[in-house]
Amino acid sequence: MTAADDKDGSDGVGGAVTDFAGQMSYGDYLHLDDLLGAQAPLTERHDEMLFVVIHQASELWIKLILHEVHGAIGQLRADDLGPAFKMLARVSRIQEQLVQSWSVLATLTPSDYLTFRDAFGHASGFQSHQYRILEYVLGNKDPRKLAQFRHRPDIHDTVAAALNGPSLYDEAIGLLARRGFAIVPGQVTRDWAERRTPDESVQAAWLDIYRDTEKYWDLYELAEKLIDLEDAFQTWRFRHLTTVERIIGHKRGTGGTTGAAYLKGALAYRFFPEIWDVRTVL
């Protein structure tokens, strides 16, 4: 090591810095002490670490999805669809990672899981406030799901804001109205906390778009990005279901849910029903 290397903290191999006194390191930037110290299994069972890491990693991916979806909503409001397409495409790629995570968790056998399942009591993924926000932001509004967050007013208020605000699809429908499509007023101004039902005026707008894709290319691309997102979300839901069935069969889930039965019911819901229905009527 030369005197110059010693002065600037380089080790002489590719100019890599080795002296981080007063400088930010990789670990500092990513807060790795906090991140890697957040795994605290409640038992000594080997497989519990897998369970903890998979769910923590999923929460980080969901955090990024929410970041991208909120960004896309802002772009739709500004009628600037190019950046929104990039954000929504990124969401679909993130969802691929979430789907793959179920394959990793599926290496947990029923016998493995039962060795530590009782340790976390009533804790359940159903209680994930980020997941609930994501469902609300995508349009699956159910005010009853808000009650489980009453013990944390800070979280409750954040989830309530998502419930009471327009969803990604509401913003897309508002964009259609601003572009001159004959959307009924009740689809543009309504109680956002209520789950919407399919509407003929919205379907008619998407039908016009799909029948003249050159004229409405950006709206056509928006529709396809929304379908990509929901397609990936449904794949994630299905892999969740099959993983649960593989590990606990049809036992009740933790937290009081009906487990696999609840997940099967969730598969029936559509975030963007009119865009799916257009496929039938084209």
# chains A, B, ... in the order shown; residues from 1 in each chain; ligands from 1

$ residues_around --residues "Tyr113 of chain A" --least-positions-apart "2" --cutoff "9 Å" --atoms "only C-alpha atoms" --output "mmCIF file with N, CA and C atoms, in the first residue's frame"
data_model
loop_
_atom_site.group_PDB
_atom_site.id
_atom_site.type_symbol
_atom_site.label_atom_id
_atom_site.label_comp_id
_atom_site.auth_asym_id
_atom_site.auth_seq_id
_atom_site.Cartn_x
_atom_site.Cartn_y
_atom_site.Cartn_z
ATOM 1 N N ASP A 47 -36.243 -24.390 11.160
ATOM 2 C CA ASP A 47 -37.051 -23.899 10.042
ATOM 3 C C ASP A 47 -37.798 -22.608 10.335
ATOM 4 N N GLU A 48 -37.811 -22.171 11.579
ATOM 5 C CA GLU A 48 -38.528 -20.924 11.865
ATOM 6 C C GLU A 48 -37.854 -19.727 11.204
ATOM 7 N N PHE A 51 -39.288 -19.134 7.848
ATOM 8 C CA PHE A 51 -40.619 -18.550 7.936
ATOM 9 C C PHE A 51 -40.537 -17.039 8.194
ATOM 10 N N LEU A 108 -40.979 -25.910 3.373
ATOM 11 C CA LEU A 108 -41.350 -26.169 4.765
ATOM 12 C C LEU A 108 -42.429 -27.255 4.788
ATOM 13 N N THR A 109 -42.160 -28.368 5.429
ATOM 14 C CA THR A 109 -43.130 -29.467 5.459
ATOM 15 C C THR A 109 -44.135 -29.253 6.595
ATOM 16 N N PRO A 110 -45.272 -29.944 6.553
ATOM 17 C CA PRO A 110 -46.237 -29.829 7.650
ATOM 18 C C PRO A 110 -45.614 -30.143 9.007
ATOM 19 N N SER A 111 -44.787 -31.160 9.061
ATOM 20 C CA SER A 111 -44.156 -31.532 10.328
ATOM 21 C C SER A 111 -43.213 -30.441 10.809
ATOM 22 N N THR A 115 -43.731 -27.653 14.434
ATOM 23 C CA THR A 115 -42.787 -27.581 15.556
ATOM 24 C C THR A 115 -42.669 -26.174 16.132
ATOM 25 N N PHE A 116 -43.106 -25.150 15.375
ATOM 26 C CA PHE A 116 -43.011 -23.782 15.908
ATOM 27 C C PHE A 116 -44.284 -22.961 15.722
ATOM 28 N N ARG A 117 -45.289 -23.522 15.094
ATOM 29 C CA ARG A 117 -46.493 -22.745 14.782
ATOM 30 C C ARG A 117 -47.143 -22.124 16.020
ATOM 31 N N ILE A 247 -48.912 -27.022 3.285
ATOM 32 C CA ILE A 247 -48.299 -27.030 4.615
ATOM 33 C C ILE A 247 -49.297 -27.359 5.726
ATOM 34 N N ILE A 248 -50.523 -26.766 5.651
ATOM 35 C CA ILE A 248 -51.478 -27.014 6.752
ATOM 36 C C ILE A 248 -52.789 -27.619 6.278
#

$ select_by_dssp --residues "segment 63-138 of chain A" --states "alpha helix (DSSP H)" --output "PDB file with N, CA and C atoms, in the first residue's frame"
ATOM      1  N   LYS A  63     -43.803  -3.080   0.322  1.00  0.00           N
ATOM      2  CA  LYS A  63     -43.502  -1.657   0.512  1.00  0.00           C
ATOM      3  C   LYS A  63     -43.107  -1.015  -0.805  1.00  0.00           C
ATOM      4  N   LEU A  64     -42.297  -1.711  -1.602  1.00  0.00           N
ATOM      5  CA  LEU A  64     -41.894  -1.170  -2.896  1.00  0.00           C
ATOM      6  C   LEU A  64     -43.073  -1.123  -3.863  1.00  0.00           C
ATOM      7  N   ILE A  65     -43.937  -2.141  -3.835  1.00  0.00           N
ATOM      8  CA  ILE A  65     -45.128  -2.115  -4.689  1.00  0.00           C
ATOM      9  C   ILE A  65     -45.980  -0.892  -4.377  1.00  0.00           C
ATOM     10  N   LEU A  66     -46.201  -0.625  -3.093  1.00  0.00           N
ATOM     11  CA  LEU A  66     -47.005   0.540  -2.707  1.00  0.00           C
ATOM     12  C   LEU A  66     -46.345   1.833  -3.183  1.00  0.00           C
ATOM     13  N   HIS A  67     -45.040   1.911  -3.088  1.00  0.00           N
ATOM     14  CA  HIS A  67     -44.307   3.077  -3.575  1.00  0.00           C
ATOM     15  C   HIS A  67     -44.562   3.285  -5.066  1.00  0.00           C
ATOM     16  N   GLU A  68     -44.512   2.204  -5.825  1.00  0.00           N
ATOM     17  CA  GLU A  68     -44.712   2.297  -7.274  1.00  0.00           C
ATOM     18  C   GLU A  68     -46.169   2.589  -7.629  1.00  0.00           C
ATOM     19  N   VAL A  69     -47.103   1.954  -6.947  1.00  0.00           N
ATOM     20  CA  VAL A  69     -48.522   2.181  -7.247  1.00  0.00           C
ATOM     21  C   VAL A  69     -48.923   3.617  -6.916  1.00  0.00           C
ATOM     22  N   HIS A  70     -48.474   4.124  -5.767  1.00  0.00           N
ATOM     23  CA  HIS A  70     -48.782   5.506  -5.430  1.00  0.00           C
ATOM     24  C   HIS A  70     -48.153   6.459  -6.451  1.00  0.00           C
ATOM     25  N   GLY A  71     -46.959   6.116  -6.917  1.00  0.00           N
ATOM     26  CA  GLY A  71     -46.338   6.929  -7.958  1.00  0.00           C
ATOM     27  C   GLY A  71     -47.151   6.904  -9.236  1.00  0.00           C
ATOM     28  N   ALA A  72     -47.637   5.715  -9.623  1.00  0.00           N
ATOM     29  CA  ALA A  72     -48.449   5.592 -10.833  1.00  0.00           C
ATOM     30  C   ALA A  72     -49.751   6.374 -10.700  1.00  0.00           C
ATOM     31  N   ILE A  73     -50.359   6.361  -9.523  1.00  0.00           N
ATOM     32  CA  ILE A  73     -51.587   7.133  -9.294  1.00  0.00           C
ATOM     33  C   ILE A  73     -51.323   8.617  -9.530  1.00  0.00           C
ATOM     34  N   GLY A  74     -50.204   9.107  -9.021  1.00  0.00           N
ATOM     35  CA  GLY A  74     -49.858  10.508  -9.236  1.00  0.00           C
ATOM     36  C   GLY A  74     -49.690  10.835 -10.706  1.00  0.00           C
ATOM     37  N   GLN A  75     -49.101   9.922 -11.473  1.00  0.00           N
ATOM     38  CA  GLN A  75     -48.916  10.160 -12.906  1.00  0.00           C
ATOM     39  C   GLN A  75     -50.252  10.127 -13.656  1.00  0.00           C
ATOM     40  N   LEU A  76     -51.167   9.244 -13.240  1.00  0.00           N
ATOM     41  CA  LEU A  76     -52.482   9.216 -13.874  1.00  0.00           C
ATOM     42  C   LEU A  76     -53.229  10.520 -13.619  1.00  0.00           C
ATOM     43  N   ARG A  77     -53.133  11.029 -12.412  1.00  0.00           N
ATOM     44  CA  ARG A  77     -53.795  12.295 -12.101  1.00  0.00           C
ATOM     45  C   ARG A  77     -53.248  13.433 -12.957  1.00  0.00           C
ATOM     46  N   LEU A  81     -48.818   9.405 -18.727  1.00  0.00           N
ATOM     47  CA  LEU A  81     -48.908   7.958 -18.617  1.00  0.00           C
ATOM     48  C   LEU A  81     -47.586   7.226 -18.793  1.00  0.00           C
ATOM     49  N   GLY A  82     -46.637   7.818 -19.513  1.00  0.00           N
ATOM     50  CA  GLY A  82     -45.361   7.141 -19.737  1.00  0.00           C
ATOM     51  C   GLY A  82     -44.698   6.667 -18.458  1.00  0.00           C
ATOM     52  N   PRO A  83     -44.445   7.557 -17.497  1.00  0.00           N
ATOM     53  CA  PRO A  83     -43.849   7.108 -16.239  1.00  0.00           C
ATOM     54  C   PRO A  83     -44.723   6.106 -15.487  1.00  0.00           C
ATOM     55  N   ALA A  84     -46.047   6.249 -15.602  1.00  0.00           N
ATOM     56  CA  ALA A  84     -46.949   5.307 -14.928  1.00  0.00           C
ATOM     57  C   ALA A  84     -46.773   3.902 -15.483  1.00  0.00           C
ATOM     58  N   PHE A  85     -46.560   3.794 -16.808  1.00  0.00           N
ATOM     59  CA  PHE A  85     -46.365   2.474 -17.400  1.00  0.00           C
ATOM     60  C   PHE A  85     -45.124   1.800 -16.828  1.00  0.00           C
ATOM     61  N   LYS A  86     -44.054   2.574 -16.675  1.00  0.00           N
ATOM     62  CA  LYS A  86     -42.822   2.016 -16.118  1.00  0.00           C
ATOM     63  C   LYS A  86     -43.048   1.532 -14.688  1.00  0.00           C
ATOM     64  N   MET A  87     -43.760   2.326 -13.908  1.00  0.00           N
ATOM     65  CA  MET A  87     -44.012   1.964 -12.511  1.00  0.00           C
ATOM     66  C   MET A  87     -44.868   0.712 -12.410  1.00  0.00           C
ATOM     67  N   LEU A  88     -45.915   0.625 -13.245  1.00  0.00           N
ATOM     68  CA  LEU A  88     -46.795  -0.543 -13.198  1.00  0.00           C
ATOM     69  C   LEU A  88     -46.094  -1.792 -13.712  1.00  0.00           C
ATOM     70  N   ALA A  89     -45.231  -1.627 -14.723  1.00  0.00           N
ATOM     71  CA  ALA A  89     -44.454  -2.766 -15.211  1.00  0.00           C
ATOM     72  C   ALA A  89     -43.519  -3.263 -14.121  1.00  0.00           C
ATOM     73  N   ARG A  90     -42.963  -2.336 -13.353  1.00  0.00           N
ATOM     74  CA  ARG A  90     -42.087  -2.727 -12.246  1.00  0.00           C
ATOM     75  C   ARG A  90     -42.865  -3.506 -11.196  1.00  0.00           C
ATOM     76  N   VAL A  91     -44.093  -3.104 -10.924  1.00  0.00           N
ATOM     77  CA  VAL A  91     -44.926  -3.822  -9.956  1.00  0.00           C
ATOM     78  C   VAL A  91     -45.102  -5.276 -10.390  1.00  0.00           C
ATOM     79  N   SER A  92     -45.362  -5.482 -11.668  1.00  0.00           N
ATOM     80  CA  SER A  92     -45.552  -6.848 -12.163  1.00  0.00           C
ATOM     81  C   SER A  92     -44.295  -7.688 -11.982  1.00  0.00           C
ATOM     82  N   ARG A  93     -43.121  -7.055 -12.164  1.00  0.00           N
ATOM     83  CA  ARG A  93     -41.862  -7.790 -11.969  1.00  0.00           C
ATOM     84  C   ARG A  93     -41.635  -8.091 -10.487  1.00  0.00           C
ATOM     85  N   ILE A  94     -41.998  -7.165  -9.629  1.00  0.00           N
ATOM     86  CA  ILE A  94     -41.886  -7.412  -8.188  1.00  0.00           C
ATOM     87  C   ILE A  94     -42.781  -8.588  -7.797  1.00  0.00           C
ATOM     88  N   GLN A  95     -43.971  -8.626  -8.393  1.00  0.00           N
ATOM     89  CA  GLN A  95     -44.898  -9.700  -8.062  1.00  0.00           C
ATOM     90  C   GLN A  95     -44.326 -11.069  -8.432  1.00  0.00           C
ATOM     91  N   GLU A  96     -43.491 -11.111  -9.461  1.00  0.00           N
ATOM     92  CA  GLU A  96     -42.836 -12.374  -9.805  1.00  0.00           C
ATOM     93  C   GLU A  96     -41.951 -12.850  -8.655  1.00  0.00           C
ATOM     94  N   GLN A  97     -41.291 -11.907  -7.988  1.00  0.00           N
ATOM     95  CA  GLN A  97     -40.459 -12.272  -6.838  1.00  0.00           C
ATOM     96  C   GLN A  97     -41.324 -12.797  -5.694  1.00  0.00           C
ATOM     97  N   LEU A  98     -42.477 -12.167  -5.488  1.00  0.00           N
ATOM     98  CA  LEU A  98     -43.376 -12.620  -4.426  1.00  0.00           C
ATOM     99  C   LEU A  98     -43.925 -14.012  -4.730  1.00  0.00           C
ATOM    100  N   VAL A  99     -44.232 -14.250  -5.991  1.00  0.00           N
ATOM    101  CA  VAL A  99     -44.711 -15.588  -6.372  1.00  0.00           C
ATOM    102  C   VAL A  99     -43.626 -16.631  -6.099  1.00  0.00           C
ATOM    103  N   GLN A 100     -42.391 -16.304  -6.494  1.00  0.00           N
ATOM    104  CA  GLN A 100     -41.295 -17.250  -6.290  1.00  0.00           C
ATOM    105  C   GLN A 100     -41.047 -17.522  -4.812  1.00  0.00           C
ATOM    106  N   SER A 101     -41.340 -16.541  -3.958  1.00  0.00           N
ATOM    107  CA  SER A 101     -41.109 -16.735  -2.525  1.00  0.00           C
ATOM    108  C   SER A 101     -41.958 -17.878  -1.967  1.00  0.00           C
ATOM    109  N   TRP A 102     -43.137 -18.107  -2.556  1.00  0.00           N
ATOM    110  CA  TRP A 102     -43.964 -19.218  -2.084  1.00  0.00           C
ATOM    111  C   TRP A 102     -43.285 -20.557  -2.362  1.00  0.00           C
ATOM    112  N   SER A 103     -42.523 -20.611  -3.468  1.00  0.00           N
ATOM    113  CA  SER A 103     -41.812 -21.851  -3.777  1.00  0.00           C
ATOM    114  C   SER A 103     -40.744 -22.142  -2.731  1.00  0.00           C
ATOM    115  N   VAL A 104     -40.128 -21.085  -2.219  1.00  0.00           N
ATOM    116  CA  VAL A 104     -39.127 -21.266  -1.173  1.00  0.00           C
ATOM    117  C   VAL A 104     -39.810 -21.701   0.123  1.00  0.00           C
ATOM    118  N   LEU A 105     -40.915 -21.025   0.460  1.00  0.00           N
ATOM    119  CA  LEU A 105     -41.625 -21.377   1.690  1.00  0.00           C
ATOM    120  C   LEU A 105     -42.197 -22.788   1.621  1.00  0.00           C
ATOM    121  N   PRO A 110     -45.272 -29.944   6.553  1.00  0.00           N
ATOM    122  CA  PRO A 110     -46.237 -29.829   7.650  1.00  0.00           C
ATOM    123  C   PRO A 110     -45.614 -30.143   9.007  1.00  0.00           C
ATOM    124  N   SER A 111     -44.787 -31.160   9.061  1.00  0.00           N
ATOM    125  CA  SER A 111     -44.156 -31.532  10.328  1.00  0.00           C
ATOM    126  C   SER A 111     -43.213 -30.441  10.809  1.00  0.00           C
ATOM    127  N   ASP A 112     -42.465 -29.838   9.876  1.00  0.00           N
ATOM    128  CA  ASP A 112     -41.560 -28.740  10.229  1.00  0.00           C
ATOM    129  C   ASP A 112     -42.344 -27.577  10.841  1.00  0.00           C
ATOM    130  N   TYR A 113     -43.416 -27.204  10.169  1.00  0.00           N
ATOM    131  CA  TYR A 113     -44.191 -26.031  10.576  1.00  0.00           C
ATOM    132  C   TYR A 113     -44.810 -26.229  11.964  1.00  0.00           C
ATOM    133  N   LEU A 114     -45.305 -27.415  12.215  1.00  0.00           N
ATOM    134  CA  LEU A 114     -45.976 -27.673  13.491  1.00  0.00           C
ATOM    135  C   LEU A 114     -45.027 -27.604  14.687  1.00  0.00           C
ATOM    136  N   HIS A 129     -50.666  -4.766   7.691  1.00  0.00           N
ATOM    137  CA  HIS A 129     -51.314  -3.513   7.317  1.00  0.00           C
ATOM    138  C   HIS A 129     -50.891  -3.072   5.918  1.00  0.00           C
ATOM    139  N   GLN A 130     -49.672  -3.430   5.513  1.00  0.00           N
ATOM    140  CA  GLN A 130     -49.252  -3.070   4.154  1.00  0.00           C
ATOM    141  C   GLN A 130     -50.071  -3.832   3.113  1.00  0.00           C
ATOM    142  N   TYR A 131     -50.314  -5.110   3.385  1.00  0.00           N
ATOM    143  CA  TYR A 131     -51.128  -5.876   2.442  1.00  0.00           C
ATOM    144  C   TYR A 131     -52.542  -5.314   2.369  1.00  0.00           C
ATOM    145  N   ARG A 132     -53.096  -4.919   3.518  1.00  0.00           N
ATOM    146  CA  ARG A 132     -54.445  -4.355   3.509  1.00  0.00           C
ATOM    147  C   ARG A 132     -54.470  -3.055   2.723  1.00  0.00           C
ATOM    148  N   ILE A 133     -53.456  -2.209   2.896  1.00  0.00           N
ATOM    149  CA  ILE A 133     -53.369  -0.972   2.115  1.00  0.00           C
ATOM    150  C   ILE A 133     -53.308  -1.298   0.631  1.00  0.00           C
ATOM    151  N   LEU A 134     -52.518  -2.312   0.275  1.00  0.00           N
ATOM    152  CA  LEU A 134     -52.400  -2.687  -1.137  1.00  0.00           C
ATOM    153  C   LEU A 134     -53.747  -3.122  -1.699  1.00  0.00           C
ATOM    154  N   GLU A 135     -54.476  -3.949  -0.972  1.00  0.00           N
ATOM    155  CA  GLU A 135     -55.810  -4.363  -1.437  1.00  0.00           C
ATOM    156  C   GLU A 135     -56.707  -3.140  -1.627  1.00  0.00           C
ATOM    157  N   TYR A 136     -56.676  -2.220  -0.678  1.00  0.00           N
ATOM    158  CA  TYR A 136     -57.514  -1.023  -0.778  1.00  0.00           C
ATOM    159  C   TYR A 136     -57.087  -0.148  -1.961  1.00  0.00           C
ATOM    160  N   VAL A 137     -55.791   0.029  -2.132  1.00  0.00           N
ATOM    161  CA  VAL A 137     -55.297   0.898  -3.204  1.00  0.00           C
ATOM    162  C   VAL A 137     -55.610   0.301  -4.572  1.00  0.00           C
ATOM    163  N   LEU A 138     -55.684  -1.020  -4.642  1.00  0.00           N
ATOM    164  CA  LEU A 138     -56.036  -1.665  -5.904  1.00  0.00           C
ATOM    165  C   LEU A 138     -57.550  -1.769  -6.095  1.00  0.00           C
TER     166      LEU A 138
END

$ residues_around --residues "segment 190-203 of chain A" --least-positions-apart "3" --cutoff "8 Å" --atoms "only C-alpha atoms" --output "VMD selection string"
chain A and resid 139 to 143 163 to 167 173 182 to 184 186 to 187 206 to 207 273 to 275 277 to 278

$ write_last_selection --atoms "C-alpha atoms" --output "tab-separated table (two decimals), in the first residue's frame"
chain	number	residue	atom	x	y	z
A	139	GLY	CA	-59.77	-1.38	-5.22
A	140	ASN	CA	-60.78	-4.28	-2.98
A	141	LYS	CA	-62.53	-2.09	-0.41
A	142	ASP	CA	-63.91	-3.78	2.70
A	143	PRO	CA	-64.33	-1.46	5.72
A	163	LEU	CA	-59.79	2.83	2.37
A	164	ASN	CA	-61.29	6.30	2.01
A	165	GLY	CA	-59.25	7.39	-0.99
A	166	PRO	CA	-59.69	6.55	-4.68
A	167	SER	CA	-58.05	3.37	-5.89
A	173	ILE	CA	-61.73	5.67	-14.68
A	182	ALA	CA	-69.20	9.05	-21.36
A	183	ILE	CA	-68.57	7.76	-17.86
A	184	VAL	CA	-71.57	8.10	-15.56
A	186	GLY	CA	-71.39	8.13	-10.05
A	187	GLN	CA	-68.21	6.40	-11.20
A	206	TRP	CA	-62.70	0.25	-22.59
A	207	LEU	CA	-64.50	-1.44	-25.48
A	273	PRO	CA	-63.57	-6.24	-14.00
A	274	GLU	CA	-64.60	-4.21	-17.05
A	275	ILE	CA	-61.20	-4.67	-18.70
A	277	ASP	CA	-65.14	-8.40	-19.50
A	278	VAL	CA	-64.09	-6.60	-22.69

$ atom_distance --atom1 "atom CA of Ser58 of chain A" --atom2 "atom CA of Trp236 of chain A"
11.5 Å

$ closest_residue --among "A:Gly180, A:Gly27, A:Gly265, A:Gly121" --to "Asp208 of chain A" --atoms "only C-alpha atoms"
A:Gly180

$ closest_residue --among "A:Tyr29, A:Asp154, A:Ala160, A:Phe272" --to "Glu224 of chain A" --atoms "only C-alpha atoms"
A:Phe272

$ closest_residue --among "A:Asp218, A:Met24, A:Val244, A:Ser128" --to "Ile62 of chain A" --atoms "only C-alpha atoms"
A:Ser128

$ atom_distance --atom1 "atom CA of Thr280 of chain A" --atom2 "atom CA of His240 of chain A"
28.0 Å

$ closest_residue --among "A:Gln56, A:Leu176, A:Lys225, A:Phe238" --to "Ala38 of chain A" --atoms "only C-alpha atoms"
A:Gln56

$ atom_distance --atom1 "atom CA of Leu222 of chain A" --atom2 "atom CA of Ala172 of chain A"
8.4 Å

$ closest_residue --among "A:Ala78, A:Thr158, A:His55, A:Thr189" --to "Phe126 of chain A" --atoms "only C-alpha atoms"
A:His55
